$ cat coords17.txt   # compact mmCIF, N, CA and C atoms
# COMPACT_ATOMS: atom_id res chain seq x y z
N MET N 190 11.48 3.35 -5.86
CA MET N 190 11.75 3.21 -4.44
C MET N 190 12.58 1.94 -4.24
N SER N 191 13.66 2.07 -3.49
CA SER N 191 14.56 0.95 -3.28
C SER N 191 14.27 0.23 -1.96
N LYS N 192 14.86 -0.94 -1.82
CA LYS N 192 14.73 -1.71 -0.59
C LYS N 192 15.35 -0.94 0.59
N ASP N 193 16.46 -0.24 0.34
CA ASP N 193 17.10 0.56 1.39
C ASP N 193 16.19 1.71 1.85
N GLU N 194 15.49 2.33 0.91
CA GLU N 194 14.55 3.40 1.27
C GLU N 194 13.41 2.85 2.11
N ILE N 195 12.94 1.67 1.76
CA ILE N 195 11.87 1.01 2.53
C ILE N 195 12.36 0.72 3.94
N LEU N 196 13.57 0.21 4.05
CA LEU N 196 14.15 -0.09 5.36
C LEU N 196 14.22 1.18 6.22
N GLN N 197 14.60 2.29 5.63
CA GLN N 197 14.64 3.56 6.36
C GLN N 197 13.25 3.97 6.82
N LEU N 198 12.25 3.81 5.96
CA LEU N 198 10.85 4.13 6.33
C LEU N 198 10.39 3.28 7.52
N ILE N 199 10.71 2.00 7.47
CA ILE N 199 10.30 1.08 8.53
C ILE N 199 10.96 1.47 9.85
N ARG N 200 12.23 1.75 9.80
CA ARG N 200 12.94 2.13 11.02
C ARG N 200 12.46 3.47 11.57
N ALA N 201 12.12 4.39 10.67
CA ALA N 201 11.58 5.68 11.11
C ALA N 201 10.22 5.49 11.78
N SER N 202 9.41 4.60 11.23
CA SER N 202 8.11 4.31 11.83
C SER N 202 8.29 3.74 13.22
N ARG N 203 9.29 2.91 13.41
CA ARG N 203 9.57 2.31 14.72
C ARG N 203 9.88 3.38 15.76
N THR N 204 10.60 4.41 15.38
CA THR N 204 10.94 5.47 16.34
C THR N 204 9.71 6.27 16.75
N ASN N 205 8.66 6.21 15.94
CA ASN N 205 7.41 6.91 16.28
C ASN N 205 6.55 6.11 17.24
N GLY N 206 6.96 4.87 17.53
CA GLY N 206 6.17 4.02 18.42
C GLY N 206 5.11 3.25 17.65
N THR N 207 4.39 2.41 18.35
CA THR N 207 3.33 1.61 17.73
C THR N 207 2.14 1.50 18.67
N SER N 208 0.98 1.43 18.09
CA SER N 208 -0.24 1.22 18.88
C SER N 208 -0.60 -0.26 18.94
N SER N 209 0.19 -1.09 18.28
CA SER N 209 -0.08 -2.52 18.24
C SER N 209 0.01 -3.13 19.64
N PRO N 210 -1.01 -3.86 20.05
CA PRO N 210 -0.97 -4.47 21.38
C PRO N 210 -0.05 -5.70 21.40
N PHE N 211 0.63 -5.88 22.47
CA PHE N 211 1.46 -7.06 22.68
C PHE N 211 1.00 -7.67 24.00
N VAL N 212 -0.22 -8.17 24.00
CA VAL N 212 -0.85 -8.72 25.20
C VAL N 212 -0.04 -9.89 25.72
N GLY N 213 0.25 -9.86 27.00
CA GLY N 213 0.97 -10.94 27.64
C GLY N 213 2.48 -10.86 27.52
N ALA N 214 2.99 -9.90 26.77
CA ALA N 214 4.44 -9.76 26.62
C ALA N 214 5.04 -9.20 27.89
N LEU N 215 6.06 -9.85 28.40
CA LEU N 215 6.74 -9.36 29.59
C LEU N 215 7.62 -8.15 29.27
N ASP N 216 8.17 -8.13 28.06
CA ASP N 216 9.02 -7.02 27.62
C ASP N 216 8.49 -6.52 26.29
N ARG N 217 7.61 -5.53 26.34
CA ARG N 217 6.95 -5.01 25.13
C ARG N 217 7.97 -4.52 24.11
N GLU N 218 8.97 -3.79 24.53
CA GLU N 218 9.97 -3.26 23.60
C GLU N 218 10.72 -4.39 22.88
N ALA N 219 11.02 -5.46 23.59
CA ALA N 219 11.69 -6.60 22.97
C ALA N 219 10.78 -7.25 21.93
N GLU N 220 9.51 -7.33 22.21
CA GLU N 220 8.55 -7.91 21.26
C GLU N 220 8.40 -7.03 20.03
N ILE N 221 8.41 -5.72 20.24
CA ILE N 221 8.36 -4.79 19.10
C ILE N 221 9.59 -4.98 18.22
N ASP N 222 10.74 -5.05 18.85
CA ASP N 222 11.98 -5.26 18.09
C ASP N 222 11.96 -6.59 17.35
N LYS N 223 11.40 -7.62 17.96
CA LYS N 223 11.28 -8.94 17.34
C LYS N 223 10.37 -8.87 16.10
N SER N 224 9.25 -8.15 16.22
CA SER N 224 8.34 -7.98 15.09
C SER N 224 9.01 -7.21 13.96
N LEU N 225 9.77 -6.19 14.33
CA LEU N 225 10.48 -5.39 13.34
C LEU N 225 11.53 -6.23 12.61
N ALA N 226 12.27 -7.05 13.35
CA ALA N 226 13.28 -7.92 12.73
C ALA N 226 12.62 -8.93 11.79
N GLN N 227 11.46 -9.46 12.19
CA GLN N 227 10.74 -10.40 11.34
C GLN N 227 10.29 -9.71 10.06
N LEU N 228 9.79 -8.49 10.18
CA LEU N 228 9.37 -7.72 9.01
C LEU N 228 10.57 -7.46 8.09
N GLU N 229 11.67 -7.04 8.65
CA GLU N 229 12.86 -6.76 7.86
C GLU N 229 13.33 -8.00 7.10
N SER N 230 13.18 -9.17 7.70
CA SER N 230 13.58 -10.41 7.02
C SER N 230 12.65 -10.77 5.87
N CYS N 231 11.48 -10.16 5.83
CA CYS N 231 10.49 -10.44 4.79
C CYS N 231 10.43 -9.37 3.70
N LEU N 232 11.32 -8.38 3.78
CA LEU N 232 11.32 -7.32 2.76
C LEU N 232 11.61 -7.90 1.39
N ILE N 233 10.94 -7.34 0.39
CA ILE N 233 11.16 -7.72 -0.99
C ILE N 233 11.55 -6.46 -1.77
N THR N 234 12.06 -6.63 -2.95
CA THR N 234 12.31 -5.48 -3.80
C THR N 234 10.95 -4.87 -4.12
N PRO N 235 10.76 -3.58 -3.80
CA PRO N 235 9.45 -2.95 -4.02
C PRO N 235 8.98 -3.09 -5.46
N VAL N 236 7.72 -3.45 -5.60
CA VAL N 236 7.12 -3.62 -6.92
C VAL N 236 5.75 -2.95 -6.93
N SER N 237 5.48 -2.20 -7.99
CA SER N 237 4.18 -1.54 -8.13
C SER N 237 3.08 -2.58 -8.24
N VAL N 238 1.98 -2.32 -7.54
CA VAL N 238 0.85 -3.25 -7.55
C VAL N 238 -0.46 -2.51 -7.74
N GLN N 239 -1.48 -3.26 -8.10
CA GLN N 239 -2.83 -2.74 -8.25
C GLN N 239 -3.67 -3.30 -7.10
N VAL N 240 -4.38 -2.44 -6.40
CA VAL N 240 -5.21 -2.86 -5.28
C VAL N 240 -6.68 -2.66 -5.63
N GLU N 241 -7.45 -3.71 -5.42
CA GLU N 241 -8.89 -3.67 -5.70
C GLU N 241 -9.66 -3.63 -4.38
N ALA N 242 -10.80 -2.99 -4.42
CA ALA N 242 -11.65 -2.92 -3.23
C ALA N 242 -12.29 -4.27 -2.98
N ALA N 243 -12.24 -4.71 -1.73
CA ALA N 243 -12.89 -5.95 -1.35
C ALA N 243 -14.39 -5.72 -1.17
N TYR N 244 -14.76 -4.51 -0.83
CA TYR N 244 -16.17 -4.14 -0.69
C TYR N 244 -16.30 -2.65 -0.97
N HIS N 245 -17.51 -2.21 -1.28
CA HIS N 245 -17.77 -0.86 -1.79
C HIS N 245 -17.20 0.30 -0.95
N PRO N 246 -17.32 0.31 0.37
CA PRO N 246 -16.81 1.46 1.13
C PRO N 246 -15.30 1.69 1.00
N GLN N 247 -14.55 0.71 0.53
CA GLN N 247 -13.11 0.88 0.37
C GLN N 247 -12.72 1.67 -0.87
N GLU N 248 -13.64 1.95 -1.74
CA GLU N 248 -13.30 2.53 -3.03
C GLU N 248 -12.61 3.89 -2.94
N ASP N 249 -12.76 4.62 -1.85
CA ASP N 249 -12.09 5.91 -1.70
C ASP N 249 -10.78 5.79 -0.92
N CYS N 250 -10.40 4.60 -0.57
CA CYS N 250 -9.17 4.34 0.18
C CYS N 250 -7.94 4.80 -0.62
N GLU N 251 -6.89 5.20 0.08
CA GLU N 251 -5.66 5.65 -0.56
C GLU N 251 -4.96 4.57 -1.38
N PHE N 252 -5.37 3.33 -1.25
CA PHE N 252 -4.72 2.23 -1.94
C PHE N 252 -5.49 1.75 -3.16
N ILE N 253 -6.76 1.99 -3.22
CA ILE N 253 -7.61 1.41 -4.26
C ILE N 253 -7.41 2.12 -5.60
N ASN N 254 -7.03 1.33 -6.61
CA ASN N 254 -6.86 1.81 -7.98
C ASN N 254 -5.93 3.01 -8.09
N LYS N 255 -4.89 3.04 -7.28
CA LYS N 255 -3.92 4.12 -7.33
C LYS N 255 -2.63 3.59 -7.96
N GLN N 256 -1.88 4.48 -8.58
CA GLN N 256 -0.64 4.10 -9.25
C GLN N 256 0.57 4.15 -8.33
N ASN N 257 0.43 4.66 -7.14
CA ASN N 257 1.57 4.90 -6.26
C ASN N 257 1.64 3.91 -5.10
N VAL N 258 1.25 2.67 -5.33
CA VAL N 258 1.26 1.65 -4.28
C VAL N 258 2.28 0.58 -4.64
N VAL N 259 3.13 0.24 -3.66
CA VAL N 259 4.14 -0.79 -3.89
C VAL N 259 4.04 -1.87 -2.82
N ALA N 260 4.30 -3.11 -3.21
CA ALA N 260 4.44 -4.21 -2.25
C ALA N 260 5.86 -4.14 -1.74
N ILE N 261 6.03 -4.20 -0.40
CA ILE N 261 7.37 -4.05 0.17
C ILE N 261 7.81 -5.25 1.00
N ALA N 262 6.88 -6.10 1.41
CA ALA N 262 7.23 -7.29 2.20
C ALA N 262 6.24 -8.40 1.92
N GLN N 263 6.72 -9.63 2.08
CA GLN N 263 5.87 -10.81 1.88
C GLN N 263 6.25 -11.88 2.89
N CYS N 264 5.24 -12.44 3.52
CA CYS N 264 5.43 -13.58 4.40
C CYS N 264 4.26 -14.52 4.15
N ASN N 265 4.59 -15.71 3.61
CA ASN N 265 3.56 -16.67 3.21
C ASN N 265 2.63 -16.01 2.20
N GLU N 266 1.37 -15.93 2.48
CA GLU N 266 0.41 -15.34 1.55
C GLU N 266 0.04 -13.90 1.90
N GLU N 267 0.72 -13.33 2.88
CA GLU N 267 0.42 -11.96 3.31
C GLU N 267 1.50 -11.00 2.81
N TYR N 268 1.05 -9.80 2.45
CA TYR N 268 1.95 -8.77 1.94
C TYR N 268 1.77 -7.49 2.74
N LEU N 269 2.80 -6.66 2.72
CA LEU N 269 2.70 -5.32 3.27
C LEU N 269 2.86 -4.37 2.11
N LEU N 270 1.87 -3.48 1.97
CA LEU N 270 1.90 -2.49 0.90
C LEU N 270 2.21 -1.12 1.48
N TYR N 271 2.73 -0.24 0.62
CA TYR N 271 3.04 1.12 1.02
C TYR N 271 2.53 2.07 -0.07
N ALA N 272 1.73 3.05 0.34
CA ALA N 272 1.24 4.09 -0.57
C ALA N 272 2.23 5.25 -0.49
N THR N 273 2.99 5.46 -1.55
CA THR N 273 4.10 6.41 -1.50
C THR N 273 3.64 7.86 -1.33
N ARG N 274 2.53 8.24 -1.91
CA ARG N 274 2.05 9.63 -1.75
C ARG N 274 1.43 9.87 -0.38
N ALA N 275 0.62 8.93 0.06
CA ALA N 275 -0.08 9.08 1.35
C ALA N 275 0.82 8.71 2.52
N LYS N 276 1.91 7.98 2.24
CA LYS N 276 2.85 7.53 3.28
C LYS N 276 2.16 6.64 4.32
N LEU N 277 1.38 5.68 3.81
CA LEU N 277 0.63 4.76 4.67
C LEU N 277 0.97 3.31 4.32
N PHE N 278 0.87 2.45 5.34
CA PHE N 278 1.10 1.02 5.17
C PHE N 278 -0.23 0.29 5.29
N ALA N 279 -0.33 -0.87 4.63
CA ALA N 279 -1.54 -1.69 4.74
C ALA N 279 -1.18 -3.15 4.49
N LYS N 280 -1.83 -4.04 5.21
CA LYS N 280 -1.67 -5.48 4.99
C LYS N 280 -2.57 -5.89 3.83
N ALA N 281 -2.06 -6.82 3.01
CA ALA N 281 -2.82 -7.20 1.81
C ALA N 281 -2.64 -8.67 1.49
N TRP N 282 -3.52 -9.16 0.62
CA TRP N 282 -3.47 -10.52 0.13
C TRP N 282 -3.54 -10.47 -1.39
N LYS N 283 -2.77 -11.32 -2.01
CA LYS N 283 -2.70 -11.37 -3.47
C LYS N 283 -3.95 -12.06 -4.01
N THR N 284 -4.57 -11.43 -5.01
CA THR N 284 -5.78 -12.00 -5.60
C THR N 284 -5.59 -12.34 -7.08
N GLY N 285 -4.46 -11.92 -7.64
CA GLY N 285 -4.17 -12.17 -9.05
C GLY N 285 -2.69 -11.95 -9.29
N GLU N 286 -2.29 -11.98 -10.55
CA GLU N 286 -0.88 -11.85 -10.90
C GLU N 286 -0.22 -10.63 -10.26
N ASN N 287 -0.82 -9.49 -10.38
CA ASN N 287 -0.27 -8.27 -9.79
C ASN N 287 -1.39 -7.51 -9.08
N GLN N 288 -2.37 -8.24 -8.58
CA GLN N 288 -3.54 -7.63 -7.95
C GLN N 288 -3.64 -8.06 -6.50
N PHE N 289 -4.07 -7.10 -5.68
CA PHE N 289 -4.15 -7.32 -4.24
C PHE N 289 -5.45 -6.75 -3.69
N THR N 290 -5.85 -7.25 -2.54
CA THR N 290 -6.95 -6.66 -1.79
C THR N 290 -6.41 -6.41 -0.38
N ILE N 291 -6.90 -5.36 0.25
CA ILE N 291 -6.42 -5.03 1.59
C ILE N 291 -7.48 -5.31 2.63
N LEU N 292 -7.02 -5.43 3.86
CA LEU N 292 -7.91 -5.69 4.99
C LEU N 292 -8.91 -4.56 5.16
N GLY N 293 -8.50 -3.35 4.83
CA GLY N 293 -9.40 -2.20 4.93
C GLY N 293 -8.86 -1.10 5.80
N PHE N 294 -7.74 -1.34 6.44
CA PHE N 294 -7.13 -0.35 7.31
C PHE N 294 -5.78 0.04 6.74
N SER N 295 -5.39 1.28 6.97
CA SER N 295 -4.06 1.73 6.59
C SER N 295 -3.65 2.85 7.54
N THR N 296 -2.40 2.78 8.00
CA THR N 296 -1.88 3.79 8.91
C THR N 296 -0.40 3.99 8.62
N ASP N 297 0.19 4.92 9.34
CA ASP N 297 1.64 5.11 9.23
C ASP N 297 2.39 4.25 10.26
N ASP N 298 1.69 3.39 10.95
CA ASP N 298 2.26 2.49 11.97
C ASP N 298 2.59 1.15 11.31
N VAL N 299 3.83 1.01 10.87
CA VAL N 299 4.22 -0.17 10.11
C VAL N 299 4.08 -1.46 10.92
N ILE N 300 4.36 -1.41 12.19
CA ILE N 300 4.28 -2.62 13.01
C ILE N 300 2.83 -3.07 13.17
N ALA N 301 1.94 -2.14 13.45
CA ALA N 301 0.52 -2.47 13.58
C ALA N 301 -0.03 -3.05 12.28
N GLU N 302 0.34 -2.48 11.16
CA GLU N 302 -0.16 -2.99 9.88
C GLU N 302 0.43 -4.35 9.56
N TRP N 303 1.71 -4.54 9.82
CA TRP N 303 2.35 -5.82 9.54
C TRP N 303 1.75 -6.94 10.39
N ARG N 304 1.46 -6.64 11.65
CA ARG N 304 0.89 -7.65 12.53
C ARG N 304 -0.59 -7.87 12.26
N GLY N 305 -1.22 -6.93 11.57
CA GLY N 305 -2.64 -7.06 11.24
C GLY N 305 -3.49 -6.68 12.39
$ encode --input "coords17.txt" --output "structure tokens"
Amino acid sequence: MSKDEILQLIRASRTNGTSSPFVGALDREAEIDKSLAQLESCLITPVSVQVEAAYHPQEDCEFINKQNVVAIAQCNEEYLLYATRAKLFAKAWKTGENQFTILGFSTDDVIAEWRG
């Protein structure tokens, strides 16, 4: 998966709308676009990663111990992962060289996942 393919996925997700709240924003659409631009500036070359469960109920998650998960964005210590088969995004934190743990949520709403 290339960076251009990821960019297309992100932009397609934007056209589907977002459930992410923008409390206090006078112009919600402008804030969504701002979040999207910030995400795009944090894109990295996709790299396959291993995701470990932070707690037992996550073990059946689409991201845990699967081979089809790639890191697609990084900002400080936070990452955005994408499960290529399930077509879901999730926010994650690096726990080792190529190991990550996720917050526990995953959706097809890239903005909601990026914002946490």
$ residues_around --input "coords17.txt" --residues "Pro235 (chain N)" --least-positions-apart "5" --cutoff "6 Å" --atoms "all atoms listed in the file" --output "PyMOL selection string"
chain N and resi 190-192+259-261
$ select_by_dssp --input "coords17.txt" --residues "chain N" --states "alpha helix (DSSP H)" --output "PyMOL selection string"
chain N and resi 192-204+217-230+299-304
$ atom_distance --input "coords17.txt" --atom1 "CA of Gly305 (chain N)" --atom2 "atom C of Ala279 (chain N)"
7.9 Å
$ atom_distance --input "coords17.txt" --atom1 "CA of Leu270 (chain N)" --atom2 "atom N of Trp282 (chain N)"
8.6 Å
$ residues_around --input "coords17.txt" --residues "Thr207 (chain N)" --least-positions-apart "4" --cutoff "8 Å" --atoms "only C-alpha atoms" --output "list in words"
Arg203, Asp298, Val299, Ile300 and Ala301 of chain N
$ write_last_selection --input "coords17.txt" --atoms "N, CA and C atoms" --output "short mmCIF file (atom, residue, chain, number, x, y, z; two decimals), in the coordinates of the input"
data_model
loop_
_atom_site.label_atom_id
_atom_site.label_comp_id
_atom_site.auth_asym_id
_atom_site.auth_seq_id
_atom_site.Cartn_x
_atom_site.Cartn_y
_atom_site.Cartn_z
N ARG N 203 9.29 2.91 13.41
CA ARG N 203 9.57 2.31 14.72
C ARG N 203 9.88 3.38 15.76
N ASP N 298 1.69 3.39 10.95
CA ASP N 298 2.26 2.49 11.97
C ASP N 298 2.59 1.15 11.31
N VAL N 299 3.83 1.01 10.87
CA VAL N 299 4.22 -0.17 10.11
C VAL N 299 4.08 -1.46 10.92
N ILE N 300 4.36 -1.41 12.19
CA ILE N 300 4.28 -2.62 13.01
C ILE N 300 2.83 -3.07 13.17
N ALA N 301 1.94 -2.14 13.45
CA ALA N 301 0.52 -2.47 13.58
C ALA N 301 -0.03 -3.05 12.28
#
$ residues_around --input "coords17.txt" --residues "region 286-293 of chain N" --least-positions-apart "3" --cutoff "5 Å" --atoms "all atoms listed in the file" --output "count of residues only"
7
$ atom_distance --input "coords17.txt" --atom1 "atom N of Val236 (chain N)" --atom2 "atom N of Thr204 (chain N)"
22.6 Å
$ residues_near_point --input "coords17.txt" --point "(2.3, 5.4, -0.1)" --cutoff "8 Å" --atoms "all atoms listed in the file" --output "ChimeraX atom specification"
/N:251-252,257-259,270-278
$ residues_around --input "coords17.txt" --residues "Leu232 (chain N)" --least-positions-apart "4" --cutoff "6 Å" --atoms "all atoms listed in the file" --output "PyMOL selection string"
chain N and resi 228+261-263
$ select_by_dssp --input "coords17.txt" --residues "chain N" --states "strand (DSSP E or B)" --output "MDAnalysis selection string"
chainID N and resid 232:237 239:241 253 258:264 267:272 277:283 288:291 296
$ residues_around --input "coords17.txt" --residues "region 220-227 of chain N" --least-positions-apart "2" --cutoff "8 Å" --atoms "only N, CA and C atoms" --output "list in words"
Ile199, Arg203, Phe211, Ala214, Leu215, Asp216, Arg217, Glu218, Glu229, Ser230, Cys231, Leu232, Val299, Ile300 and Arg304 of chain N
